[in-house]
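Taking it in order: structure first as structure tokens, then the write-up.
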Amino acid sequence: MITRNFVLHITCFVLISSTCNAFADDAPAAEDNVSVGLAAQSAPRYSGADQHHWQVVPVVQARKGAFFFDSLKGLGYDLQSQSGFYLEHTLGYSLGRADRNSNWRDGADKLQGMGNIAATVNTALAVGWTPMSWLAIEGKATLPLSDGQGGHYQTSVTLIPVQNATDTLAFQSAALFGDRRYMNTFYGVSNRQSEHSGYTAYQAAGGFYGVDNTLTWSHQLTKHWSGALTADYIWLGDHADDSPIVFRRSGASASVALLYTF
């Protein structure tokens with residue numbers, strides 16, 4: 001769900017930043033390490049909700065060569081070439097959505113009668129290019145493995161205007177797409193759901209459904225401690241906004257994270 005995507009920017013931009021750094025003339029190679037910490041976030045209860053909630057989630061990251069584990073992204077590996085092209089493949093987990101207020105996943109009481117969207121294991125493949133140390137262009141596909149939720153995709157451009165020993169500032173703008181099954185899973189209202197919830201039946205078309213803009217600042221506090229602040233703004237296109245369960249077309253989110261690396 002895109003309401004959770006902003007949390008990923010706490011850590012996702014670190015990979016992009018390290019990838020960009022790998023092609024800088026004076027950049028050191030990425031080191032094997034483990035990071036643990038906490039992230040607090042304020043976000044819409046689900047994509048299209050008009051209510052926010054606060055959550056505190058654990059963050060765990062570990063890297064060994066090309067392989068990594070991230071509690072928010074999953075288990076994966078990345079390959080980088082000297083020409084600036086890179087590939088990332090992950091195996092992750094989506095928590096789905098509840099039809100009532102939830103403290104640990106997307107959901108709201110306004111969705112009562114819509115039924116729960118089951119959690120699913122997914123796989124994601126990202127292919128990108130970093131022509132310069134401050135620029136990354138990427139395409140990403142996320143596909144479910146254990147349920148038929150459909151696939152969603154994004155193309156993004158990331159700019160890193162500040163990048164030094166203590167601070168990294170990254171801005172990413174991503175266009176969001178979903179196939180018909182994905183769109184109707186999260187934005188559609190079937191006839192059965194309409195009868196139980198009272199919402200008008202709605203069939204969503206696949207294709208472009210939104211834009212996600214994220215600004216992230218990471219600061220190295222000490223040798224082991226670092227922090228990150230993230231601000232995220234999502235705008236939903238007509239295919240999503242026309243849904244009767246979408247109460248707000250745009251949504252703003254914010255998060256703060258503190259990590260210890262050893």
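Chain identifiers are assigned as A, B, and so on, following the order in which chains appear in the structure tokens; residues are numbered from 1 within each chain, and ligands are numbered from 1 in order of appearance.
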
Query raised in the report: If you count only C-alpha atoms, which residues fall within 12 Å of Arg181 in chain A, apart from same-chain ones fewer than 6 positions away, as a list of chain:residue names?
Result: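 The neighbour list is A:Leu143, A:Pro144, A:Asp147, A:Gly148, A:Gln149, A:Gly150, A:Gly151, A:His152, A:Tyr187, A:Gly188, A:Val189, A:Ser190, A:Gln203, A:Ala204, A:Ala205, A:Gly206, A:Gly207.
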
Query raised in the report: Mind checking DSSP for range 112-185 of chain A and telling me the strand (DSSP E or B) residues as a VMD selection string?
Result: chain A and resid 117 120 to 132 135 to 144 152 to 163 167 to 178

Query raised in the report: So, counting only C-alpha atoms, which residue among A:Ala118, A:Leu79, A:Leu38, A:Ala98 is closest to Val60 in chain A?
Result: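 Closest to Val60 in chain A, using only C-alpha atoms: A:Leu38.
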
Show which residues sit within 8 Å of Ser146 in chain A, as a PDB file with all heavy atoms, in the first residue's frame. Count only C-alpha atoms, and ignore same-chain residues fewer than 6 positions away.
ATOM      1  N   THR A 120       0.187 -10.813   2.273  1.00  0.00           N
ATOM      2  CA  THR A 120       0.736 -11.624   1.197  1.00  0.00           C
ATOM      3  C   THR A 120       2.250 -11.493   1.123  1.00  0.00           C
ATOM      4  O   THR A 120       2.813 -10.448   1.469  1.00  0.00           O
ATOM      5  CB  THR A 120       0.126 -11.213  -0.157  1.00  0.00           C
ATOM      6  OG1 THR A 120       0.642 -12.048  -1.193  1.00  0.00           O
ATOM      7  CG2 THR A 120       0.463  -9.773  -0.490  1.00  0.00           C
ATOM      8  N   VAL A 121       2.898 -12.555   0.701  1.00  0.00           N
ATOM      9  CA  VAL A 121       4.324 -12.522   0.379  1.00  0.00           C
ATOM     10  C   VAL A 121       4.457 -11.964  -1.029  1.00  0.00           C
ATOM     11  O   VAL A 121       3.666 -12.298  -1.926  1.00  0.00           O
ATOM     12  CB  VAL A 121       4.942 -13.931   0.450  1.00  0.00           C
ATOM     13  CG1 VAL A 121       6.407 -13.909   0.017  1.00  0.00           C
ATOM     14  CG2 VAL A 121       4.805 -14.495   1.858  1.00  0.00           C
ATOM     15  N   ASN A 122       5.427 -11.086  -1.233  1.00  0.00           N
ATOM     16  CA  ASN A 122       5.605 -10.511  -2.559  1.00  0.00           C
ATOM     17  C   ASN A 122       7.069 -10.506  -2.965  1.00  0.00           C
ATOM     18  O   ASN A 122       7.962 -10.697  -2.134  1.00  0.00           O
ATOM     19  CB  ASN A 122       5.014  -9.089  -2.627  1.00  0.00           C
ATOM     20  CG  ASN A 122       5.645  -8.151  -1.619  1.00  0.00           C
ATOM     21  OD1 ASN A 122       6.865  -8.046  -1.524  1.00  0.00           O
ATOM     22  ND2 ASN A 122       4.820  -7.446  -0.846  1.00  0.00           N
TER      23      ASN A 122
END

Requested in this report: Have a look at CA of Ser218 in chain A and CA of Gly96 in chain A and let me know their distance in Å, one decimal.
Outcome: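 According to the coordinates, CA of Ser218 in chain A and CA of Gly96 in chain A are separated by 28.8 Å.
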
Requested in this report: Name all residues at most 6 Å from range 100-114 of chain A (count only C-alpha atoms; drop same-chain ones fewer than 2 positions away) and give them as a list in words.
Outcome: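 Contacts, with the query itself left out: Arg45, Tyr46, Arg97, Ala98, Gln193, His196 and Ser197 of chain A.
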
Report task. Could you check how far CA of Gly237 in chain A sits from CA of Leu176 in chain A, in Å to one decimal? Result ->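 Pair CA of Gly237 in chain A / CA of Leu176 in chain A returns 9.4 Å.
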
Report task. Would you mind listing what lies within 7 Å of Leu215 in chain A as a list in words, with only C-alpha atoms counted and same-chain residues fewer than 6 positions away left out? Result ->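 With the cut-off at 7 Å, the set is Ala170, Phe171, Gln172, Thr230, Ala231 and Asp232 of chain A.
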
Query - Shell of 10 Å around Leu91 in chain A, only C-alpha atoms, local chain residues under 3 positions omitted, as a list in words - result: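 My reading of the contact set: Phe69, Lys73, Gly74, Leu75, Gly76, Tyr77, Val121, Asn122, Thr123, Ala124, Leu125, Thr142, Leu143, Pro144 and Leu145 of chain A.
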
With C-alpha atoms retained, export the selected residues as a short mmCIF file (atom, residue, chain, number, x, y, z; two decimals), in the first residue's frame.
data_model
loop_
_atom_site.label_atom_id
_atom_site.label_comp_id
_atom_site.auth_asym_id
_atom_site.auth_seq_id
_atom_site.Cartn_x
_atom_site.Cartn_y
_atom_site.Cartn_z
CA PHE A 69 17.92 -7.78 4.98
CA LYS A 73 11.72 -4.10 2.48
CA GLY A 74 12.51 -7.76 3.06
CA LEU A 75 15.37 -10.05 2.09
CA GLY A 76 17.22 -9.30 -1.11
CA TYR A 77 20.35 -8.61 -3.07
CA VAL A 121 4.32 -12.52 0.38
CA ASN A 122 5.60 -10.51 -2.56
CA THR A 123 8.65 -10.15 -4.75
CA ALA A 124 10.00 -6.87 -6.08
CA LEU A 125 12.45 -6.22 -8.88
CA THR A 142 6.12 -5.54 -7.05
CA LEU A 143 4.19 -8.77 -7.57
CA PRO A 144 2.31 -10.94 -5.02
CA LEU A 145 3.39 -14.56 -4.57
#

Requested in this report: Tell me, in Å to one decimal, how far CA of Ser133 in chain A is from CA of Trp235 in chain A.
Outcome: 28.4 Å

DSSP says alpha helix (DSSP H) for which residues of range 25-233 of chain A? Put them as an mmCIF file with C-alpha atoms, in the first residue's frame?
data_model
loop_
_atom_site.group_PDB
_atom_site.id
_atom_site.type_symbol
_atom_site.label_atom_id
_atom_site.label_comp_id
_atom_site.auth_asym_id
_atom_site.auth_seq_id
_atom_site.Cartn_x
_atom_site.Cartn_y
_atom_site.Cartn_z
ATOM 1 C CA ARG A 180 -6.671 -3.951 -12.812
ATOM 2 C CA ARG A 181 -6.607 -6.605 -10.087
ATOM 3 C CA TYR A 182 -4.440 -4.463 -7.815
ATOM 4 C CA MET A 183 -6.599 -1.372 -8.338
ATOM 5 C CA ASN A 184 -9.816 -3.229 -7.552
ATOM 6 C CA THR A 185 -8.277 -4.909 -4.502
ATOM 7 C CA PHE A 186 -7.417 -1.590 -2.859
ATOM 8 C CA ASN A 191 -21.325 -5.750 -5.525
ATOM 9 C CA ARG A 192 -20.905 -7.926 -2.424
ATOM 10 C CA GLN A 193 -18.848 -5.265 -0.671
ATOM 11 C CA SER A 194 -21.423 -2.652 -1.656
ATOM 12 C CA GLU A 195 -24.206 -4.657 -0.007
ATOM 13 C CA HIS A 196 -22.259 -5.031 3.252
ATOM 14 C CA SER A 197 -20.684 -1.567 3.474
#

Requested in this report: Using only C-alpha atoms, find the one residue out of A:Ser35, A:Thr214, A:Gln41, A:Thr222 that sits nearest to Ala254 in chain A.
Outcome: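 Looking at the shortest contact to Ala254 in chain A, the residue is A:Gln41.
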
Query raised in the report: From the list A:Ala175, A:Ala228, A:Met132, A:Val34, which residue is nearest Ser255 in chain A when using only C-alpha atoms?
Result: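 Result for the nearest residue to Ser255 in chain A: A:Ala228.
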
Query raised in the report: Near Gly48 in chain A, within 9 Å and counting only C-alpha atoms, which residues show up once chain neighbours fewer than 4 positions away are dropped, as a VMD selection string?
Result: chain A and resid 3 44 187 236 240 to 241 243 245 to 251

Export of the given selection (N, CA and C atoms) as a tab-separated table (two decimals), in the first residue's frame:
chain	number	residue	atom	x	y	z
A	3	THR	N	0.28	4.06	1.31
A	3	THR	CA	0.33	4.77	2.57
A	3	THR	C	1.51	4.32	3.41
A	44	PRO	N	-1.78	8.52	6.83
A	44	PRO	CA	-3.20	8.18	6.67
A	44	PRO	C	-3.45	6.73	7.05
A	187	TYR	N	-8.91	-0.23	-4.24
A	187	TYR	CA	-9.78	0.93	-4.49
A	187	TYR	C	-11.17	0.56	-5.00
A	236	LEU	N	-3.47	11.19	-5.53
A	236	LEU	CA	-4.12	10.10	-6.24
A	236	LEU	C	-4.78	10.59	-7.53
A	240	ALA	N	-8.02	6.10	-8.90
A	240	ALA	CA	-8.16	5.83	-7.47
A	240	ALA	C	-9.13	6.82	-6.81
A	241	ASP	N	-9.04	8.08	-7.17
A	241	ASP	CA	-9.83	9.11	-6.50
A	241	ASP	C	-11.33	8.95	-6.73
A	243	SER	N	-12.97	6.35	-6.51
A	243	SER	CA	-13.49	5.30	-5.63
A	243	SER	C	-14.27	5.92	-4.47
A	245	ILE	N	-14.46	4.86	-1.53
A	245	ILE	CA	-13.75	4.70	-0.25
A	245	ILE	C	-12.55	5.64	-0.14
A	246	VAL	N	-12.32	6.46	-1.18
A	246	VAL	CA	-11.27	7.48	-1.13
A	246	VAL	C	-11.90	8.79	-0.68
A	247	PHE	N	-11.56	9.24	0.50
A	247	PHE	CA	-12.14	10.45	1.07
A	247	PHE	C	-11.24	11.66	0.91
A	248	ARG	N	-9.97	11.42	0.62
A	248	ARG	CA	-9.03	12.53	0.43
A	248	ARG	C	-8.05	12.15	-0.66
A	249	ARG	N	-8.02	12.99	-1.69
A	249	ARG	CA	-7.19	12.70	-2.85
A	249	ARG	C	-5.70	12.78	-2.54
A	250	SER	N	-5.31	13.69	-1.69
A	250	SER	CA	-3.90	13.89	-1.35
A	250	SER	C	-3.68	13.54	0.11
A	251	GLY	N	-2.50	13.05	0.40
A	251	GLY	CA	-2.18	12.69	1.77
A	251	GLY	C	-0.74	13.02	2.10

Requested in this report: Check the smallest atom-to-atom distance from each of A:Gly128, A:Gly65, A:Pro58, A:Gly178 to Phe85 in chain A using only C-alpha atoms, then report the winner.
Outcome: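 The shortest atom-to-atom distance to Phe85 in chain A comes from A:Gly128.
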